[in-house]
Structures are given as C-alpha cells and as structure tokens.
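Asker: Got input.pdb for you, PDB, C-alpha atoms:
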ATOM      1  CA  MET A   1      36.986 -13.557   5.655
ATOM      2  CA  THR A   2      39.473 -16.068   7.052
ATOM      3  CA  PRO A   3      38.651 -18.327  10.027
ATOM      4  CA  LEU A   4      41.338 -16.500  12.027
ATOM      5  CA  ALA A   5      39.730 -13.116  11.377
ATOM      6  CA  LEU A   6      36.277 -14.449  12.305
ATOM      7  CA  ALA A   7      37.640 -15.976  15.509
ATOM      8  CA  MET A   8      39.320 -12.707  16.456
ATOM      9  CA  ILE A   9      36.096 -10.753  15.881
ATOM     10  CA  ILE A  10      34.249 -13.115  18.240
ATOM     11  CA  ILE A  11      37.050 -12.964  20.816
ATOM     12  CA  ALA A  12      37.069  -9.153  20.607
ATOM     13  CA  TYR A  13      33.338  -9.029  21.347
ATOM     14  CA  LEU A  14      33.640 -11.440  24.265
ATOM     15  CA  LEU A  15      36.597  -9.524  25.717
ATOM     16  CA  GLY A  16      34.700  -6.277  25.308
ATOM     17  CA  SER A  17      31.770  -7.842  27.157
ATOM     18  CA  VAL A  18      33.798  -7.988  30.382
ATOM     19  CA  SER A  19      32.536  -4.872  32.216
ATOM     20  CA  SER A  20      35.539  -3.379  33.985
ATOM     21  CA  ALA A  21      33.431  -0.748  35.735
ATOM     22  CA  VAL A  22      31.019  -3.252  37.255
ATOM     23  CA  LEU A  23      33.771  -5.638  38.384
ATOM     24  CA  ILE A  24      35.974  -2.909  39.873
ATOM     25  CA  CYS A  25      32.998  -1.359  41.676
ATOM     26  CA  ARG A  26      32.142  -4.765  43.126
ATOM     27  CA  LEU A  27      35.753  -5.252  44.199
ATOM     28  CA  LEU A  28      35.828  -1.840  45.909
ATOM     29  CA  ARG A  29      32.302  -2.296  47.318
ATOM     30  CA  LEU A  30      30.957   0.682  45.419
ATOM     31  CA  PRO A  31      27.416   0.958  44.015
ATOM     32  CA  ASP A  32      26.710  -0.691  40.677
ATOM     33  CA  PRO A  33      27.483   2.043  38.102
ATOM     34  CA  ARG A  34      24.572   0.817  35.973
ATOM     35  CA  THR A  35      22.056   1.824  38.631
ATOM     36  CA  VAL A  36      23.387   5.116  40.045
ATOM     37  CA  GLY A  37      24.767   8.406  38.743
ATOM     38  CA  SER A  38      24.571   8.538  34.965
ATOM     39  CA  GLN A  39      23.891   4.764  34.988
ATOM     40  CA  ASN A  40      26.775   4.377  32.562
ATOM     41  CA  PRO A  41      29.383   1.729  33.437
ATOM     42  CA  GLY A  42      32.359   3.788  32.369
ATOM     43  CA  ALA A  43      35.278   5.671  33.896
ATOM     44  CA  THR A  44      33.478   9.027  34.154
ATOM     45  CA  ASN A  45      30.614   7.622  36.220
ATOM     46  CA  VAL A  46      33.026   5.588  38.371
ATOM     47  CA  LEU A  47      34.960   8.827  38.996
ATOM     48  CA  ARG A  48      31.797  10.280  40.536
ATOM     49  CA  LEU A  49      31.196   7.134  42.585
ATOM     50  CA  GLY A  50      34.648   6.076  43.749
ATOM     51  CA  GLY A  51      37.208   8.759  42.958
ATOM     52  CA  LYS A  52      40.232   8.981  40.694
ATOM     53  CA  GLY A  53      41.877   5.662  41.569
ATOM     54  CA  ALA A  54      38.833   3.596  40.668
ATOM     55  CA  ALA A  55      38.239   5.655  37.517
ATOM     56  CA  VAL A  56      41.828   5.216  36.291
ATOM     57  CA  ALA A  57      41.608   1.450  36.861
ATOM     58  CA  VAL A  58      38.401   1.288  34.815
ATOM     59  CA  LEU A  59      39.892   3.477  32.079
ATOM     60  CA  LEU A  60      42.986   1.297  31.695
ATOM     61  CA  CYS A  61      41.023  -1.953  31.689
ATOM     62  CA  ASP A  62      38.536  -0.604  29.138
ATOM     63  CA  MET A  63      41.377   0.525  26.879
ATOM     64  CA  LEU A  64      43.026  -2.896  27.059
ATOM     65  CA  LYS A  65      39.791  -4.491  25.848
ATOM     66  CA  GLY A  66      40.328  -2.659  22.556
ATOM     67  CA  THR A  67      44.112  -2.805  22.412
ATOM     68  CA  ILE A  68      44.575  -6.560  22.945
ATOM     69  CA  PRO A  69      42.433  -7.886  20.048
ATOM     70  CA  VAL A  70      43.418  -5.166  17.565
ATOM     71  CA  TRP A  71      47.110  -5.419  18.372
ATOM     72  CA  SER A  72      46.874  -9.186  17.977
ATOM     73  CA  GLY A  73      45.212  -8.754  14.587
ATOM     74  CA  TYR A  74      47.829  -6.199  13.589
ATOM     75  CA  TYR A  75      50.527  -8.713  14.557
ATOM     76  CA  PHE A  76      48.916 -11.368  12.308
ATOM     77  CA  ASN A  77      48.830  -8.913   9.354
ATOM     78  CA  ILE A  78      45.042  -8.888   9.161
ATOM     79  CA  ASP A  79      43.559  -6.501   6.566
ATOM     80  CA  PRO A  80      42.979  -2.929   7.882
ATOM     81  CA  VAL A  81      39.231  -3.083   7.208
ATOM     82  CA  ILE A  82      38.950  -6.336   9.181
ATOM     83  CA  LEU A  83      40.991  -4.704  11.958
ATOM     84  CA  GLY A  84      38.306  -2.035  11.999
ATOM     85  CA  VAL A  85      35.636  -4.714  12.345
ATOM     86  CA  ILE A  86      37.607  -6.263  15.235
ATOM     87  CA  ALA A  87      37.756  -2.845  16.914
ATOM     88  CA  ILE A  88      34.019  -2.362  16.415
ATOM     89  CA  ALA A  89      33.360  -5.842  17.850
ATOM     90  CA  ALA A  90      35.314  -4.934  20.990
ATOM     91  CA  CYS A  91      33.374  -1.674  21.336
ATOM     92  CA  LEU A  92      30.046  -3.444  20.737
ATOM     93  CA  GLY A  93      30.991  -5.882  23.486
ATOM     94  CA  HIS A  94      31.626  -2.939  25.807
ATOM     95  CA  MET A  95      28.373  -1.235  24.813
ATOM     96  CA  TYR A  96      26.221  -4.380  24.814
ATOM     97  CA  PRO A  97      28.073  -6.874  27.060
ATOM     98  CA  LEU A  98      26.949 -10.484  26.778
ATOM     99  CA  PHE A  99      27.887 -11.173  30.406
ATOM    100  CA  PHE A 100      26.134  -8.123  31.907
ATOM    101  CA  HIS A 101      22.613  -8.156  30.449
ATOM    102  CA  PHE A 102      23.698  -6.106  27.403
ATOM    103  CA  LYS A 103      23.841  -2.916  29.488
ATOM    104  CA  GLY A 104      27.237  -1.354  28.872
ATOM    105  CA  GLY A 105      29.118   1.909  28.450
ATOM    106  CA  LYS A 106      29.754   4.351  25.628
ATOM    107  CA  GLY A 107      32.909   2.682  24.300
ATOM    108  CA  VAL A 108      35.216   5.706  24.197
ATOM    109  CA  ALA A 109      38.093   4.183  26.199
ATOM    110  CA  THR A 110      37.781   0.878  24.345
ATOM    111  CA  ALA A 111      37.859   2.723  21.023
ATOM    112  CA  LEU A 112      40.964   4.648  22.097
ATOM    113  CA  GLY A 113      42.604   1.369  23.078
ATOM    114  CA  ALA A 114      41.690  -0.105  19.697
ATOM    115  CA  ILE A 115      43.205   2.859  17.843
ATOM    116  CA  ALA A 116      46.410   2.880  19.928
ATOM    117  CA  PRO A 117      48.179   0.100  17.937
ATOM    118  CA  ILE A 118      48.095   2.314  14.832
ATOM    119  CA  GLY A 119      50.759   4.516  16.392
ATOM    120  CA  TRP A 120      51.751   6.585  19.420
ATOM    121  CA  ASP A 121      51.527   9.789  17.378
ATOM    122  CA  LEU A 122      47.851   9.158  16.617
ATOM    123  CA  THR A 123      47.182   8.118  20.214
ATOM    124  CA  GLY A 124      48.828  11.323  21.414
ATOM    125  CA  LEU A 125      46.711  13.491  19.111
ATOM    126  CA  ILE A 126      43.496  11.798  20.213
ATOM    127  CA  THR A 127      44.352  11.850  23.919
ATOM    128  CA  GLY A 128      45.507  15.470  23.719
ATOM    129  CA  THR A 129      42.273  16.524  22.005
ATOM    130  CA  TRP A 130      40.144  14.806  24.655
ATOM    131  CA  LEU A 131      42.117  16.375  27.519
ATOM    132  CA  LEU A 132      42.052  19.847  25.965
ATOM    133  CA  VAL A 133      38.282  19.858  25.379
ATOM    134  CA  ALA A 134      37.583  18.304  28.786
ATOM    135  CA  LEU A 135      39.773  20.857  30.597
ATOM    136  CA  ILE A 136      38.255  23.827  28.769
ATOM    137  CA  PHE A 137      34.581  22.858  28.793
ATOM    138  CA  ARG A 138      34.466  20.290  31.657
ATOM    139  CA  TYR A 139      32.185  17.948  29.706
ATOM    140  CA  SER A 140      33.458  14.394  29.262
ATOM    141  CA  SER A 141      30.858  13.653  26.598
ATOM    142  CA  LEU A 142      31.704  16.774  24.578
ATOM    143  CA  ALA A 143      35.383  15.843  24.757
ATOM    144  CA  ALA A 144      34.579  12.331  23.534
ATOM    145  CA  ILE A 145      32.324  13.509  20.690
ATOM    146  CA  THR A 146      34.826  16.135  19.518
ATOM    147  CA  THR A 147      37.690  13.646  19.674
ATOM    148  CA  VAL A 148      35.976  10.886  17.698
ATOM    149  CA  MET A 149      34.877  13.397  15.055
ATOM    150  CA  LEU A 150      38.506  14.438  14.585
ATOM    151  CA  ALA A 151      39.930  10.906  14.863
ATOM    152  CA  PRO A 152      39.446  10.031  11.141
ATOM    153  CA  VAL A 153      41.161  13.304  10.159
ATOM    154  CA  TYR A 154      44.100  12.553  12.447
ATOM    155  CA  THR A 155      44.287   9.015  11.068
ATOM    156  CA  TRP A 156      44.328  10.286   7.494
ATOM    157  CA  MET A 157      47.243  12.553   8.435
ATOM    158  CA  VAL A 158      49.217   9.781  10.176
ATOM    159  CA  ARG A 159      48.252   6.404   8.619
ATOM    160  CA  PRO A 160      45.771   6.929   5.732
ATOM    161  CA  VAL A 161      45.191   3.187   5.219
ATOM    162  CA  PHE A 162      43.311   3.036   8.543
ATOM    163  CA  THR A 163      41.082   6.070   7.894
ATOM    164  CA  PHE A 164      37.981   4.082   6.899
ATOM    165  CA  PRO A 165      38.090   1.663   9.876
ATOM    166  CA  VAL A 166      38.574   4.563  12.307
ATOM    167  CA  ALA A 167      35.706   6.455  10.640
ATOM    168  CA  MET A 168      33.431   3.417  11.147
ATOM    169  CA  LEU A 169      34.432   3.307  14.803
ATOM    170  CA  SER A 170      33.825   7.050  15.199
ATOM    171  CA  CYS A 171      30.306   6.788  13.755
ATOM    172  CA  LEU A 172      29.481   4.033  16.244
ATOM    173  CA  ILE A 173      30.702   6.117  19.205
ATOM    174  CA  ILE A 174      28.771   9.222  18.085
ATOM    175  CA  LEU A 175      25.555   7.204  17.694
ATOM    176  CA  ARG A 176      26.039   5.836  21.214
ATOM    177  CA  HIS A 177      26.263   9.410  22.532
ATOM    178  CA  HIS A 178      22.891  10.530  21.163
ATOM    179  CA  GLN A 179      21.453  11.087  24.649
ATOM    180  CA  ASN A 180      24.514  13.079  25.707
ATOM    181  CA  ILE A 181      24.201  15.257  22.599
ATOM    182  CA  ARG A 182      20.588  16.014  23.486
ATOM    183  CA  ARG A 183      21.524  16.868  27.094
ATOM    184  CA  LEU A 184      24.338  19.137  25.902
ATOM    185  CA  PHE A 185      21.853  21.112  23.820
ATOM    186  CA  ASP A 186      19.373  21.154  26.727
ATOM    187  CA  GLY A 187      22.037  22.294  29.193
ATOM    188  CA  THR A 188      21.407  19.316  31.495
ATOM    189  CA  GLU A 189      24.597  17.332  30.836
ATOM    190  CA  PRO A 190      26.666  16.969  34.060
ATOM    191  CA  LYS A 191      30.221  18.233  34.015
ATOM    192  CA  VAL A 192      33.287  16.180  34.954
ATOM    193  CA  GLY A 193      33.241  15.559  38.715
ATOM    194  CA  GLN A 194      29.648  16.754  39.028
ATOM    195  CA  LYS A 195      26.934  14.352  40.116
ATOM    196  CA  LYS A 196      24.033  13.935  37.749
ATOM    197  CA  ALA A 197      20.962  15.857  38.794
ATOM    198  CA  PRO A 198      18.060  13.643  39.929
TER
END
Re-express the file's structure as structure tokens.
Answerer:
Amino acid sequence: MTPLALAMIIIAYLLGSVSSAVLICRLLRLPDPRTVGSQNPGATNVLRLGGKGAAVAVLLCDMLKGTIPVWSGYYFNIDPVILGVIAIAACLGHMYPLFFHFKGGKGVATALGAIAPIGWDLTGLITGTWLLVALIFRYSSLAAITTVMLAPVYTWMVRPVFTFPVAMLSCLIILRHHQNIRRLFDGTEPKVGQKKAP
C-alpha cells in the first residue's frame, strides 16, 4: 500500500467521524439524535426530530463524507480494492466517529456517497431501489438492507471491477443493521415518519 493510499484511508475515517446529524441538530437547536428517537444519528431519525429540511441536510452531508475521499482516490488512479477500503474507512468513521464518542449512524448515506463516483447509472439504480422499497413498505431500514444486498449485483452489471469493494461495503452495512433486522422480524421496527415506540 502506498503512503498516499494510507493517508487517504486515514483522512476518509476522520472525515466520516464528523457527525452531520449531531452538528445540524445542535445548529437547529434540536435534541441530540443519539439520545432520542431511535438514538441513531442519521437522516431518518433527524426526519422524526426536525422535519424534512433537517433530514435532507444530514443526508447530503453524510453522502459527501463518502463521496469526497473516494472521488479523490478515483482521481489519483488508486486501485479499486483500495478505493473500497477508503469507502469502508469513511463508513467506519460515520459508524464509530472518533470525535463523537464512537457513537454513530448506520452508514447508508455515506456508503451511497462512496459508491456515487463509480457512475451515475449505478447511483440511479441504488437510489431508485431504496426509494421504491421505502415507498412500498415504509421501512427505511428494509429499504437500506434490500438496496445494499442488490448493490454488488448492480455494480457487476455496470462496472464489474468494483464489485468486490462494493460487496465488502454492503456486508459492513448489513452487519450494522442487525438490530433493525431483528425488529423487522419482531414487527417493532418504526416506519418512515413514525416515532419509535418507548
């Protein structure tokens, strides 16, 4: 691994560690998303706390945390597998942020942002899948799980060379959703726009 690649992995983790949800909630004087609702500092929980505007701001910022380091690595012609490691580092920063006591989100938006540089066609397929599942079933977590399971297949169809890195990223996201998977089976997972039951 080159010094440049190692530096970009570290930078990706540190950038991912900036919790958009916490900072935006502080700016808008909303409750800390780590302590209320689903206690997940992500766009879905912020939607419940502060409405669509706050949620969209969090979503965009979280996506940029993945897009910026991966796009930079792509620009420097870094090996696809190392690009996958950079993407995972950004998501790990979001999930376990150094600057916020290692209590972070699920990494879906950051993962989408990391995949976006591969191509708009792939981004469109992934975004469309998430929206379709979310609109039909009204579960953000189910939409995320379904989308990341299909992401490696979409990548193989569009840019096969990136299939393995995207598959690694998908496995990480699914593991992070283990509690959501259990709640989906139990029937206790809150739907989009619905406050989590106490």
Asker: Could you list the residues chosen by the PyMOL selection byres ((chain A and resi 114-122) around 6) in this structure as a CSV table (one decimal) with C-alpha atoms, in the frame of the given file?
Answerer:
chain,number,residue,atom,x,y,z
A,66,GLY,CA,40.3,-2.7,22.6
A,67,THR,CA,44.1,-2.8,22.4
A,70,VAL,CA,43.4,-5.2,17.6
A,71,TRP,CA,47.1,-5.4,18.4
A,87,ALA,CA,37.8,-2.8,16.9
A,111,ALA,CA,37.9,2.7,21.0
A,112,LEU,CA,41.0,4.6,22.1
A,113,GLY,CA,42.6,1.4,23.1
A,123,THR,CA,47.2,8.1,20.2
A,124,GLY,CA,48.8,11.3,21.4
A,125,LEU,CA,46.7,13.5,19.1
Asker: Give as number ranges by chain the residues that the PyMOL selection byres ((chain A and resi 95) around 12) matches when applied to the coordinates above.
Answerer: A: 13-20, 34, 40-42, 62, 65, 88-94, 96-111, 172-173, 175-177
Asker: Store the residues picked out above in a file with C-alpha atoms, as an mmCIF file, in the coordinates of the input.
Answerer:
data_model
loop_
_atom_site.group_PDB
_atom_site.id
_atom_site.type_symbol
_atom_site.label_atom_id
_atom_site.label_comp_id
_atom_site.auth_asym_id
_atom_site.auth_seq_id
_atom_site.Cartn_x
_atom_site.Cartn_y
_atom_site.Cartn_z
ATOM 1 C CA TYR A 13 33.338 -9.029 21.347
ATOM 2 C CA LEU A 14 33.640 -11.440 24.265
ATOM 3 C CA LEU A 15 36.597 -9.524 25.717
ATOM 4 C CA GLY A 16 34.700 -6.277 25.308
ATOM 5 C CA SER A 17 31.770 -7.842 27.157
ATOM 6 C CA VAL A 18 33.798 -7.988 30.382
ATOM 7 C CA SER A 19 32.536 -4.872 32.216
ATOM 8 C CA SER A 20 35.539 -3.379 33.985
ATOM 9 C CA ARG A 34 24.572 0.817 35.973
ATOM 10 C CA ASN A 40 26.775 4.377 32.562
ATOM 11 C CA PRO A 41 29.383 1.729 33.437
ATOM 12 C CA GLY A 42 32.359 3.788 32.369
ATOM 13 C CA ASP A 62 38.536 -0.604 29.138
ATOM 14 C CA LYS A 65 39.791 -4.491 25.848
ATOM 15 C CA ILE A 88 34.019 -2.362 16.415
ATOM 16 C CA ALA A 89 33.360 -5.842 17.850
ATOM 17 C CA ALA A 90 35.314 -4.934 20.990
ATOM 18 C CA CYS A 91 33.374 -1.674 21.336
ATOM 19 C CA LEU A 92 30.046 -3.444 20.737
ATOM 20 C CA GLY A 93 30.991 -5.882 23.486
ATOM 21 C CA HIS A 94 31.626 -2.939 25.807
ATOM 22 C CA TYR A 96 26.221 -4.380 24.814
ATOM 23 C CA PRO A 97 28.073 -6.874 27.060
ATOM 24 C CA LEU A 98 26.949 -10.484 26.778
ATOM 25 C CA PHE A 99 27.887 -11.173 30.406
ATOM 26 C CA PHE A 100 26.134 -8.123 31.907
ATOM 27 C CA HIS A 101 22.613 -8.156 30.449
ATOM 28 C CA PHE A 102 23.698 -6.106 27.403
ATOM 29 C CA LYS A 103 23.841 -2.916 29.488
ATOM 30 C CA GLY A 104 27.237 -1.354 28.872
ATOM 31 C CA GLY A 105 29.118 1.909 28.450
ATOM 32 C CA LYS A 106 29.754 4.351 25.628
ATOM 33 C CA GLY A 107 32.909 2.682 24.300
ATOM 34 C CA VAL A 108 35.216 5.706 24.197
ATOM 35 C CA ALA A 109 38.093 4.183 26.199
ATOM 36 C CA THR A 110 37.781 0.878 24.345
ATOM 37 C CA ALA A 111 37.859 2.723 21.023
ATOM 38 C CA LEU A 172 29.481 4.033 16.244
ATOM 39 C CA ILE A 173 30.702 6.117 19.205
ATOM 40 C CA LEU A 175 25.555 7.204 17.694
ATOM 41 C CA ARG A 176 26.039 5.836 21.214
ATOM 42 C CA HIS A 177 26.263 9.410 22.532
#
Asker: Restricting the calculation to only C-alpha atoms: of A:Ala144, A:Leu169, A:Val161, A:Ile11, which residue gets closest to Thr44 (chain A)?
Answerer: A:Ala144
Asker: Given the PyMOL selection byres ((chain A and resi 145) around 12) and the file above, list the residues it selects as an NGL selection string.
Answerer: :A and (106-108 or 126 or 129-130 or 133-134 or 139-144 or 146-151 or 169-181 or 184)
Asker: Using only C-alpha atoms, which of A:Glu189, A:Val158, A:Ile9, A:Thr127 sits nearest Val81 (chain A)?
Answerer: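 Of A:Glu189, A:Val158, A:Ile9, A:Thr127, the one nearest Val81 (chain A), counting only C-alpha atoms, is A:Ile9.
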Asker: One decimal, in Å: what's the spacing between CA of Pro31 (chain A) and CA of Leu49 (chain A)?
Answerer: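 Separation between CA of Pro31 (chain A) and CA of Leu49 (chain A): 7.4 Å.
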Asker: Can you measure CA of Ile78 (chain A) to CA of Pro165 (chain A) for me? One decimal in Å is fine.
Answerer: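 About the pair CA of Ile78 (chain A) and CA of Pro165 (chain A): they are 12.7 Å apart.
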Asker: Can you tell me how far CA of Ala57 (chain A) sits from CA of Tyr75 (chain A), in Å to one decimal?
Answerer: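 Computed distance, CA of Ala57 (chain A) to CA of Tyr75 (chain A), equals 26.1 Å.
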